$ cat my_file-v6.tsv   # TSV, C-alpha atoms
chain	number	residue	atom	x	y	z
A	1	MET	CA	230.40	164.49	46.73
A	2	ARG	CA	229.08	167.15	49.05
A	3	ASP	CA	230.41	165.30	52.10
A	4	PRO	CA	233.27	162.93	51.24
A	5	ARG	CA	233.65	161.97	54.92
A	6	ALA	CA	230.19	160.38	54.86
A	7	LEU	CA	231.53	157.54	52.67
A	8	ILE	CA	234.62	155.65	53.77
A	9	ASP	CA	236.55	153.03	51.84
A	10	THR	CA	237.92	149.82	53.26
A	11	ALA	CA	241.56	150.90	53.08
A	12	THR	CA	240.89	154.05	55.09
A	13	LEU	CA	238.92	152.12	57.69
A	14	ALA	CA	241.65	149.49	57.98
A	15	ALA	CA	244.22	152.22	58.62
A	16	SER	CA	242.00	153.78	61.29
A	17	LEU	CA	241.21	150.74	63.43
A	18	GLY	CA	243.64	151.77	66.17
A	19	ASP	CA	241.95	155.16	66.65
A	20	SER	CA	240.40	155.34	70.13
A	21	SER	CA	237.72	157.72	68.91
A	22	LEU	CA	236.53	155.32	66.19
A	23	ARG	CA	233.21	153.50	66.59
A	24	VAL	CA	232.53	150.79	63.99
A	25	PHE	CA	229.06	149.23	63.82
A	26	ASP	CA	227.58	146.28	61.96
A	27	CYS	CA	223.97	147.31	61.24
A	28	THR	CA	222.79	144.18	59.43
A	29	THR	CA	219.21	142.94	59.56
A	30	THR	CA	218.04	140.01	57.43
A	31	LEU	CA	214.55	139.71	55.99
A	32	ASP	CA	213.68	136.04	56.20
A	33	PRO	CA	210.59	134.60	54.45
A	34	ALA	CA	207.59	134.41	56.75
A	35	PRO	CA	206.04	131.02	57.46
A	36	ALA	CA	203.06	129.88	55.42
A	37	GLY	CA	199.83	131.57	56.46
A	38	SER	CA	201.50	134.64	57.94
A	39	THR	CA	200.00	138.05	57.17
A	40	GLU	CA	203.50	139.50	56.98
A	41	PRO	CA	205.73	139.04	53.92
A	42	TYR	CA	208.91	138.60	55.95
A	43	ILE	CA	210.40	138.29	59.40
A	44	ALA	CA	212.99	140.88	60.37
A	45	VAL	CA	215.89	139.09	62.06
A	46	PRO	CA	218.80	140.97	63.69
A	47	GLY	CA	222.08	140.06	62.04
A	48	ARG	CA	223.70	139.05	65.33
A	49	LYS	CA	224.50	135.54	64.08
A	50	THR	CA	226.36	136.78	61.03
A	51	PHE	CA	228.10	139.35	63.24
A	52	GLU	CA	229.34	136.65	65.58
A	53	ASP	CA	230.50	134.60	62.61
A	54	SER	CA	232.69	137.44	61.33
A	55	HIS	CA	232.98	141.19	61.75
A	56	VAL	CA	235.44	144.05	61.41
A	57	PRO	CA	237.88	143.88	64.36
A	58	GLY	CA	236.57	145.82	67.33
A	59	ALA	CA	233.15	146.44	65.81
A	60	ASP	CA	229.94	146.55	67.81
A	61	PHE	CA	226.49	145.43	66.67
A	62	LEU	CA	223.39	147.66	66.37
A	63	ASP	CA	219.99	145.95	66.50
A	64	LEU	CA	217.78	148.22	64.42
A	65	GLN	CA	214.50	146.40	64.98
A	66	GLY	CA	215.04	145.89	68.70
A	67	GLU	CA	216.98	148.69	70.32
A	68	PHE	CA	216.63	151.41	67.70
A	69	SER	CA	212.98	151.20	66.63
A	70	ASP	CA	209.67	152.17	68.17
A	71	THR	CA	208.30	148.98	69.73
A	72	ALA	CA	204.87	150.47	70.45
A	73	THR	CA	203.66	150.13	66.85
A	74	TYR	CA	202.85	147.24	64.53
A	75	LEU	CA	205.10	148.81	61.88
A	76	HIS	CA	208.67	147.70	61.42
A	77	PHE	CA	211.67	149.99	61.90
A	78	MET	CA	209.80	153.13	62.95
A	79	MET	CA	211.88	155.99	64.35
A	80	PRO	CA	211.66	156.00	68.18
A	81	SER	CA	211.78	159.01	70.47
A	82	VAL	CA	214.83	161.23	70.64
A	83	ALA	CA	215.32	160.33	74.31
A	84	ARG	CA	215.38	156.63	73.53
A	85	LEU	CA	217.89	157.13	70.73
A	86	GLU	CA	220.11	159.30	72.92
A	87	ALA	CA	220.21	156.53	75.52
A	88	ALA	CA	220.79	153.78	72.94
A	89	PHE	CA	223.59	155.49	71.05
A	90	GLY	CA	225.16	156.52	74.34
A	91	ARG	CA	225.17	152.91	75.53
A	92	HIS	CA	227.10	152.02	72.39
A	93	GLY	CA	229.73	154.67	72.98
A	94	VAL	CA	228.62	157.36	70.54
A	95	GLY	CA	229.16	160.85	71.86
A	96	PRO	CA	231.20	164.04	71.44
A	97	GLY	CA	234.50	163.49	69.67
A	98	THR	CA	233.64	160.07	68.28
A	99	ARG	CA	233.80	159.06	64.63
A	100	VAL	CA	231.19	156.49	63.53
A	101	VAL	CA	231.54	153.99	60.67
A	102	LEU	CA	228.45	152.01	59.67
A	103	TYR	CA	228.36	148.88	57.54
A	104	SER	CA	226.02	146.05	56.65
A	105	ILE	CA	226.05	142.81	54.69
A	106	GLY	CA	224.67	142.44	51.17
A	107	THR	CA	223.19	145.92	50.87
A	108	MET	CA	224.06	149.36	52.14
A	109	MET	CA	220.48	150.11	53.19
A	110	TRP	CA	220.82	149.06	56.84
A	111	ALA	CA	223.90	151.26	57.20
A	112	THR	CA	222.34	154.22	55.38
A	113	ARG	CA	219.25	153.92	57.61
A	114	PHE	CA	221.43	154.46	60.68
A	115	TRP	CA	223.29	157.25	58.88
A	116	TRP	CA	219.97	159.02	58.19
A	117	MET	CA	218.84	158.52	61.79
A	118	LEU	CA	222.07	160.01	63.13
A	119	ARG	CA	221.83	162.90	60.69
A	120	SER	CA	218.28	163.59	61.89
A	121	LEU	CA	219.66	163.76	65.45
A	122	GLY	CA	222.28	166.32	64.44
A	123	PHE	CA	225.24	163.93	64.49
A	124	ASP	CA	227.27	164.45	61.31
A	125	ASP	CA	230.50	162.55	61.97
A	126	ALA	CA	229.18	159.24	60.62
A	127	ALA	CA	230.26	157.40	57.47
A	128	VAL	CA	228.96	154.44	55.50
A	129	LEU	CA	231.51	151.81	54.53
A	130	GLY	CA	231.53	151.46	50.75
A	131	GLY	CA	230.98	147.81	49.81
A	132	GLY	CA	230.20	146.87	53.41
A	133	LEU	CA	231.51	143.71	55.01
A	134	ASP	CA	231.32	141.92	51.64
A	135	LYS	CA	234.08	144.07	50.18
A	136	TRP	CA	236.08	143.94	53.41
A	137	LYS	CA	236.06	140.14	53.30
A	138	ALA	CA	236.68	139.96	49.53
A	139	GLU	CA	239.90	141.92	50.06
A	140	GLY	CA	241.07	139.45	52.71
A	141	ARG	CA	241.09	142.00	55.50
A	142	PRO	CA	241.23	140.87	59.16
A	143	LEU	CA	238.09	139.61	60.87
A	144	GLU	CA	236.97	138.84	64.40
A	145	THR	CA	234.40	136.37	65.63
A	146	GLY	CA	232.25	136.20	68.72
A	147	ALA	CA	230.01	138.58	70.65
A	148	PRO	CA	230.67	142.33	70.55
A	149	ARG	CA	233.07	143.72	73.13
A	150	GLY	CA	231.35	147.10	72.98
A	151	TYR	CA	232.68	150.60	73.48
A	152	PRO	CA	232.86	152.67	76.67
A	153	PRO	CA	229.47	154.36	77.32
A	154	ALA	CA	229.19	157.98	76.28
A	155	THR	CA	226.75	160.84	76.66
A	156	PHE	CA	224.91	161.35	73.40
A	157	VAL	CA	223.05	164.66	73.23
A	158	ALA	CA	220.91	165.10	70.14
A	159	ALA	CA	220.34	168.33	68.24
A	160	PRO	CA	217.36	167.17	66.15
A	161	ARG	CA	216.84	168.48	62.64
A	162	ASP	CA	213.25	169.11	61.61
A	163	GLY	CA	211.74	167.66	58.46
A	164	LEU	CA	213.90	164.60	57.85
A	165	PHE	CA	210.95	162.28	58.55
A	166	VAL	CA	207.33	162.74	57.48
A	167	ASP	CA	204.12	160.85	58.20
A	168	ALA	CA	201.26	159.70	55.99
A	169	ALA	CA	199.36	162.96	56.41
A	170	ARG	CA	202.29	164.95	55.04
A	171	VAL	CA	202.68	162.57	52.10
A	172	LYS	CA	198.98	162.67	51.33
A	173	ALA	CA	199.01	166.47	51.43
A	174	ALA	CA	201.99	166.57	49.09
A	175	ILE	CA	200.48	164.29	46.46
A	176	GLY	CA	196.94	165.55	46.88
A	177	ARG	CA	197.62	169.05	45.57
A	178	ARG	CA	198.02	168.73	41.83
A	179	ASP	CA	199.35	172.26	41.53
A	180	ASN	CA	202.25	171.27	43.79
A	181	ARG	CA	203.30	168.10	42.03
A	182	ASP	CA	206.10	169.88	40.23
A	183	ARG	CA	207.59	170.85	43.57
A	184	GLU	CA	206.82	167.83	45.69
A	185	ARG	CA	207.42	164.32	44.46
A	186	ALA	CA	207.55	160.95	46.14
A	187	GLY	CA	210.44	158.80	45.04
A	188	ALA	CA	210.30	155.07	45.66
A	189	ALA	CA	213.46	153.09	46.06
A	190	VAL	CA	212.88	149.44	45.21
A	191	PRO	CA	213.88	147.31	48.21
A	192	SER	CA	215.72	144.06	47.76
A	193	ARG	CA	214.48	140.66	48.86
A	194	ALA	CA	211.24	140.42	50.81
A	195	GLY	CA	211.21	144.12	51.65
A	196	ALA	CA	209.79	144.82	48.21
A	197	GLN	CA	206.58	142.96	49.01
A	198	PRO	CA	203.56	144.99	50.10
A	199	LEU	CA	201.91	144.09	53.37
A	200	ARG	CA	198.51	144.00	51.65
A	201	PRO	CA	198.63	142.02	48.39
A	202	ASP	CA	195.26	143.46	47.33
A	203	ARG	CA	196.81	146.93	47.54
A	204	ALA	CA	200.04	146.08	45.78
A	205	ALA	CA	200.68	149.49	44.31
A	206	TYR	CA	202.08	152.87	45.28
A	207	PRO	CA	200.78	156.20	46.65
A	208	ALA	CA	198.74	158.10	44.08
A	209	ALA	CA	200.73	160.59	42.01
A	210	SER	CA	204.07	159.29	43.27
A	211	THR	CA	206.87	158.29	40.94
A	212	CYS	CA	208.69	154.99	41.22
A	213	ARG	CA	212.41	155.51	40.78
A	214	ARG	CA	214.81	152.60	40.47
A	215	PRO	CA	218.11	154.37	41.11
A	216	ARG	CA	220.63	154.13	38.28
A	217	TRP	CA	223.47	155.61	40.29
A	218	SER	CA	226.27	153.34	41.38
A	219	ILE	CA	227.65	152.48	44.80
A	220	PRO	CA	230.94	150.73	45.54
A	221	ARG	CA	230.67	146.97	45.03
A	222	PRO	CA	232.81	144.21	46.50
A	223	ARG	CA	235.80	143.09	44.48
A	224	ALA	CA	238.74	140.87	45.28
A	225	SER	CA	241.37	143.43	44.30
A	226	SER	CA	242.73	145.93	46.80
A	227	ARG	CA	242.25	148.67	44.23
A	228	SER	CA	239.48	151.20	44.68
A	229	PRO	CA	236.12	150.14	43.23
A	230	THR	CA	235.25	151.53	39.84
A	231	ARG	CA	232.84	154.42	40.06
A	232	ARG	CA	230.91	156.09	37.29
A	233	ARG	CA	229.51	159.57	37.30
A	234	SER	CA	225.84	159.37	38.13
A	235	SER	CA	222.82	161.57	38.65
A	236	PRO	CA	219.25	161.18	39.91
A	237	PRO	CA	216.52	160.08	37.54
A	238	ARG	CA	214.86	162.72	35.37
A	239	GLY	CA	212.42	164.82	37.36
A	240	TRP	CA	214.47	165.06	40.54
A	241	SER	CA	216.09	168.45	40.95
A	242	LYS	CA	217.42	170.53	43.81
A	243	ASP	CA	214.55	173.03	43.68
A	244	LYS	CA	211.92	170.34	44.34
A	245	ARG	CA	211.06	168.64	47.55
A	246	THR	CA	211.62	164.90	47.42
A	247	ILE	CA	209.82	162.45	49.68
A	248	CYS	CA	211.47	159.03	49.53
A	249	TYR	CA	209.63	155.86	50.51
A	250	CYS	CA	209.98	152.13	50.04
A	251	GLY	CA	208.60	149.02	51.74
A	252	GLY	CA	209.56	149.89	55.30
A	253	GLY	CA	211.64	153.08	55.35
A	254	ILE	CA	214.99	151.33	54.90
A	255	SER	CA	216.08	151.05	51.26
A	256	ALA	CA	214.82	154.58	50.56
A	257	THR	CA	217.67	155.84	52.74
A	258	ILE	CA	220.11	154.84	49.99
A	259	ASP	CA	218.35	157.41	47.79
A	260	LEU	CA	218.51	159.95	50.59
A	261	PHE	CA	222.21	159.33	51.15
A	262	LEU	CA	222.99	159.81	47.46
A	263	LEU	CA	220.70	162.81	47.01
A	264	HIS	CA	222.39	164.46	49.98
A	265	GLN	CA	225.79	163.81	48.43
A	266	LEU	CA	224.57	165.34	45.17
A	267	GLY	CA	223.63	168.56	46.98
A	268	HIS	CA	219.89	168.14	47.50
A	269	ASP	CA	218.65	169.78	50.69
A	270	ASP	CA	214.85	169.44	50.67
A	271	ILE	CA	214.71	165.67	51.04
A	272	THR	CA	212.81	163.58	53.56
A	273	LEU	CA	211.74	160.03	54.39
A	274	TYR	CA	208.20	158.72	54.73
A	275	ASP	CA	209.16	156.52	57.65
A	276	ALA	CA	206.20	154.13	57.64
A	277	SER	CA	206.32	153.83	53.84
A	278	MET	CA	204.23	151.10	52.19
A	279	GLY	CA	204.09	149.15	55.44
A	280	GLU	CA	201.49	151.68	56.53
A	281	TRP	CA	200.18	153.06	53.24
A	282	ALA	CA	199.20	149.68	51.77
A	283	LYS	CA	197.27	148.76	54.91
A	284	THR	CA	195.30	152.00	55.15
A	285	GLU	CA	192.16	151.94	52.99
A	286	SER	CA	191.68	155.70	53.22
A	287	LEU	CA	195.00	156.46	51.55
A	288	PRO	CA	194.97	156.82	47.73
A	289	ILE	CA	196.63	154.09	45.69
A	290	GLU	CA	197.56	153.87	42.04
A	291	THR	CA	198.41	150.74	40.04
A	292	ASP	CA	200.01	150.24	36.66
$ encode --input "my_file-v6.tsv" --output "structure tokens"
Amino acid sequence: MRDPRALIDTATLAASLGDSSLRVFDCTTTLDPAPAGSTEPYIAVPGRKTFEDSHVPGADFLDLQGEFSDTATYLHFMMPSVARLEAAFGRHGVGPGTRVVLYSIGTMMWATRFWWMLRSLGFDDAAVLGGGLDKWKAEGRPLETGAPRGYPPATFVAAPRDGLFVDAARVKAAIGRRDNRDRERAGAAVPSRAGAQPLRPDRAAYPAASTCRRPRWSIPRPRASSRSPTRRRSSPPRGWSKDKRTICYCGGGISATIDLFLLHQLGHDDITLYDASMGEWAKTESLPIETD
């Protein structure tokens, strides 16, 4: 891996829990089915209940949809302003000299979303917990219950990196120039659960000229043994290479960050996220759509 410190295993985290510079965060959101008649395919629910039921000792909870998303748009999970993120991460104790560990339940995508957000802000000392809370619990490691105790507030000063997020105009420009398709591709991670559903059933498709990639690389999975999870050597699907720009998208800009995390670890530099993803594209009649 390019950056081994960006992925932490449960044993290493367990041995580090007494470190005063450590900041551990549960990032879980659940996508619950929407009630009958709703125009939305799901309801995004902060994972506060599951956090209070059990979490890594000392961990805090990050509410992606509430505190860490732009609330001035109809779209879910959109990246807010740098100033808002500086204030939010600072309130949760992230600042100079801190080491951040991010985990979620059931899927890594909520943790990798926060990892990508922090990377875009210039904060590189963040790691995703391999296997998440599922693996932690399967190994019988200690748990806490109840509301988060929180960390001492810190001063978070961002050093934003350009180009880690793109909008619909940039995606349309990339796929609209046929002579550039070899250099610019849109890769679609397939979200789990309700996140895979388009917000407009009549436009249930994907951006024109994009390629749908179901990743075949592996990530650590929960197992009862204390041994390290089995890993196999993996590589991106055919057509993704380091000399091409890759735009990743999904249903709402979350599961695509797993692709971005892995592409980064494999040494890809020109990678970016279409933040609004199909949540915007499928609702916008002027944007080109292809179907199979």
$ closest_residue --input "my_file-v6.tsv" --among "A:Ser120, A:Asp26, A:Ser81, A:Trp136" --to "Val101 (chain A)" --atoms "all atoms listed in the file"
A:Asp26
$ residues_around --input "my_file-v6.tsv" --residues "region 259-264 of chain A" --least-positions-apart "3" --cutoff "8 Å" --atoms "all atoms listed in the file" --output "PyMOL selection string"
chain A and resi 2+112+116+189+215+236+248+255-256+267-269+271-273
$ atom_distance --input "my_file-v6.tsv" --atom1 "CA of Arg99 (chain A)" --atom2 "CA of Pro153 (chain A)"
14.2 Å
$ decode --input "my_file-v6.tsv" --residues "region 23-35 of chain A" --atoms "all heavy atoms" --output "PDB file, in the first residue's frame"
ATOM      1  N   ARG A  23      -7.841   9.865  18.370  1.00  0.00           N
ATOM      2  CA  ARG A  23      -9.239  10.258  18.238  1.00  0.00           C
ATOM      3  C   ARG A  23      -9.943   9.160  17.433  1.00  0.00           C
ATOM      4  O   ARG A  23      -9.670   8.997  16.238  1.00  0.00           O
ATOM      5  CB  ARG A  23      -9.387  11.609  17.517  1.00  0.00           C
ATOM      6  CG  ARG A  23      -8.601  12.752  18.160  1.00  0.00           C
ATOM      7  CD  ARG A  23      -9.230  13.163  19.476  1.00  0.00           C
ATOM      8  NE  ARG A  23      -8.554  14.308  20.071  1.00  0.00           N
ATOM      9  CZ  ARG A  23      -7.619  14.217  21.007  1.00  0.00           C
ATOM     10  NH1 ARG A  23      -7.218  13.015  21.431  1.00  0.00           N
ATOM     11  NH2 ARG A  23      -7.078  15.301  21.524  1.00  0.00           N
ATOM     12  N   VAL A  24     -10.847   8.431  18.068  1.00  0.00           N
ATOM     13  CA  VAL A  24     -11.545   7.324  17.413  1.00  0.00           C
ATOM     14  C   VAL A  24     -12.990   7.749  17.177  1.00  0.00           C
ATOM     15  O   VAL A  24     -13.657   8.248  18.096  1.00  0.00           O
ATOM     16  CB  VAL A  24     -11.506   6.041  18.267  1.00  0.00           C
ATOM     17  CG1 VAL A  24     -12.192   4.887  17.531  1.00  0.00           C
ATOM     18  CG2 VAL A  24     -10.075   5.680  18.624  1.00  0.00           C
ATOM     19  N   PHE A  25     -13.479   7.547  15.948  1.00  0.00           N
ATOM     20  CA  PHE A  25     -14.817   8.007  15.599  1.00  0.00           C
ATOM     21  C   PHE A  25     -15.640   6.907  14.930  1.00  0.00           C
ATOM     22  O   PHE A  25     -15.178   6.268  13.985  1.00  0.00           O
ATOM     23  CB  PHE A  25     -14.743   9.207  14.651  1.00  0.00           C
ATOM     24  CG  PHE A  25     -14.089  10.413  15.257  1.00  0.00           C
ATOM     25  CD1 PHE A  25     -12.836  10.825  14.817  1.00  0.00           C
ATOM     26  CD2 PHE A  25     -14.724  11.142  16.246  1.00  0.00           C
ATOM     27  CE1 PHE A  25     -12.223  11.943  15.368  1.00  0.00           C
ATOM     28  CE2 PHE A  25     -14.126  12.259  16.802  1.00  0.00           C
ATOM     29  CZ  PHE A  25     -12.868  12.666  16.377  1.00  0.00           C
ATOM     30  N   ASP A  26     -16.854   6.733  15.425  1.00  0.00           N
ATOM     31  CA  ASP A  26     -17.864   5.913  14.751  1.00  0.00           C
ATOM     32  C   ASP A  26     -18.566   6.826  13.748  1.00  0.00           C
ATOM     33  O   ASP A  26     -19.115   7.865  14.117  1.00  0.00           O
ATOM     34  CB  ASP A  26     -18.859   5.369  15.775  1.00  0.00           C
ATOM     35  CG  ASP A  26     -19.859   4.382  15.177  1.00  0.00           C
ATOM     36  OD1 ASP A  26     -20.290   4.596  14.031  1.00  0.00           O
ATOM     37  OD2 ASP A  26     -20.233   3.430  15.881  1.00  0.00           O
ATOM     38  N   CYS A  27     -18.553   6.440  12.481  1.00  0.00           N
ATOM     39  CA  CYS A  27     -19.078   7.286  11.401  1.00  0.00           C
ATOM     40  C   CYS A  27     -20.378   6.742  10.810  1.00  0.00           C
ATOM     41  O   CYS A  27     -20.827   7.205   9.757  1.00  0.00           O
ATOM     42  CB  CYS A  27     -18.041   7.373  10.282  1.00  0.00           C
ATOM     43  SG  CYS A  27     -16.395   7.861  10.816  1.00  0.00           S
ATOM     44  N   THR A  28     -20.992   5.790  11.461  1.00  0.00           N
ATOM     45  CA  THR A  28     -22.091   5.035  10.870  1.00  0.00           C
ATOM     46  C   THR A  28     -23.331   5.876  10.571  1.00  0.00           C
ATOM     47  O   THR A  28     -23.776   6.672  11.408  1.00  0.00           O
ATOM     48  CB  THR A  28     -22.504   3.877  11.794  1.00  0.00           C
ATOM     49  OG1 THR A  28     -21.348   3.068  12.064  1.00  0.00           O
ATOM     50  CG2 THR A  28     -23.591   3.025  11.164  1.00  0.00           C
ATOM     51  N   THR A  29     -23.868   5.683   9.390  1.00  0.00           N
ATOM     52  CA  THR A  29     -25.208   6.132   9.013  1.00  0.00           C
ATOM     53  C   THR A  29     -25.947   4.901   8.502  1.00  0.00           C
ATOM     54  O   THR A  29     -25.348   4.041   7.858  1.00  0.00           O
ATOM     55  CB  THR A  29     -25.168   7.204   7.917  1.00  0.00           C
ATOM     56  OG1 THR A  29     -24.573   8.393   8.439  1.00  0.00           O
ATOM     57  CG2 THR A  29     -26.558   7.539   7.395  1.00  0.00           C
ATOM     58  N   THR A  30     -27.242   4.796   8.786  1.00  0.00           N
ATOM     59  CA  THR A  30     -28.023   3.709   8.218  1.00  0.00           C
ATOM     60  C   THR A  30     -28.984   4.280   7.179  1.00  0.00           C
ATOM     61  O   THR A  30     -29.452   5.413   7.316  1.00  0.00           O
ATOM     62  CB  THR A  30     -28.812   2.944   9.293  1.00  0.00           C
ATOM     63  OG1 THR A  30     -29.724   3.839   9.943  1.00  0.00           O
ATOM     64  CG2 THR A  30     -27.867   2.351  10.317  1.00  0.00           C
ATOM     65  N   LEU A  31     -29.229   3.503   6.155  1.00  0.00           N
ATOM     66  CA  LEU A  31     -30.161   3.901   5.101  1.00  0.00           C
ATOM     67  C   LEU A  31     -31.422   3.060   5.254  1.00  0.00           C
ATOM     68  O   LEU A  31     -31.490   1.927   4.798  1.00  0.00           O
ATOM     69  CB  LEU A  31     -29.526   3.701   3.719  1.00  0.00           C
ATOM     70  CG  LEU A  31     -28.224   4.464   3.483  1.00  0.00           C
ATOM     71  CD1 LEU A  31     -27.672   4.168   2.090  1.00  0.00           C
ATOM     72  CD2 LEU A  31     -28.407   5.967   3.678  1.00  0.00           C
ATOM     73  N   ASP A  32     -32.396   3.629   5.923  1.00  0.00           N
ATOM     74  CA  ASP A  32     -33.642   2.909   6.194  1.00  0.00           C
ATOM     75  C   ASP A  32     -34.631   3.091   5.049  1.00  0.00           C
ATOM     76  O   ASP A  32     -34.675   4.165   4.432  1.00  0.00           O
ATOM     77  CB  ASP A  32     -34.266   3.412   7.494  1.00  0.00           C
ATOM     78  CG  ASP A  32     -33.413   3.085   8.718  1.00  0.00           C
ATOM     79  OD1 ASP A  32     -32.454   2.302   8.568  1.00  0.00           O
ATOM     80  OD2 ASP A  32     -33.710   3.606   9.804  1.00  0.00           O
ATOM     81  N   PRO A  33     -35.431   2.088   4.745  1.00  0.00           N
ATOM     82  CA  PRO A  33     -36.423   2.216   3.667  1.00  0.00           C
ATOM     83  C   PRO A  33     -37.367   3.390   3.933  1.00  0.00           C
ATOM     84  O   PRO A  33     -37.813   3.601   5.060  1.00  0.00           O
ATOM     85  CB  PRO A  33     -37.162   0.873   3.709  1.00  0.00           C
ATOM     86  CG  PRO A  33     -36.209  -0.068   4.368  1.00  0.00           C
ATOM     87  CD  PRO A  33     -35.448   0.742   5.365  1.00  0.00           C
ATOM     88  N   ALA A  34     -37.654   4.129   2.891  1.00  0.00           N
ATOM     89  CA  ALA A  34     -38.585   5.256   3.014  1.00  0.00           C
ATOM     90  C   ALA A  34     -40.015   4.744   3.112  1.00  0.00           C
ATOM     91  O   ALA A  34     -40.329   3.659   2.605  1.00  0.00           O
ATOM     92  CB  ALA A  34     -38.432   6.186   1.821  1.00  0.00           C
ATOM     93  N   PRO A  35     -40.887   5.502   3.740  1.00  0.00           N
ATOM     94  CA  PRO A  35     -42.292   5.073   3.817  1.00  0.00           C
ATOM     95  C   PRO A  35     -42.948   5.068   2.453  1.00  0.00           C
ATOM     96  O   PRO A  35     -42.490   5.734   1.506  1.00  0.00           O
ATOM     97  CB  PRO A  35     -42.919   6.126   4.739  1.00  0.00           C
ATOM     98  CG  PRO A  35     -42.003   7.307   4.658  1.00  0.00           C
ATOM     99  CD  PRO A  35     -40.636   6.767   4.443  1.00  0.00           C
TER     100      PRO A  35
END
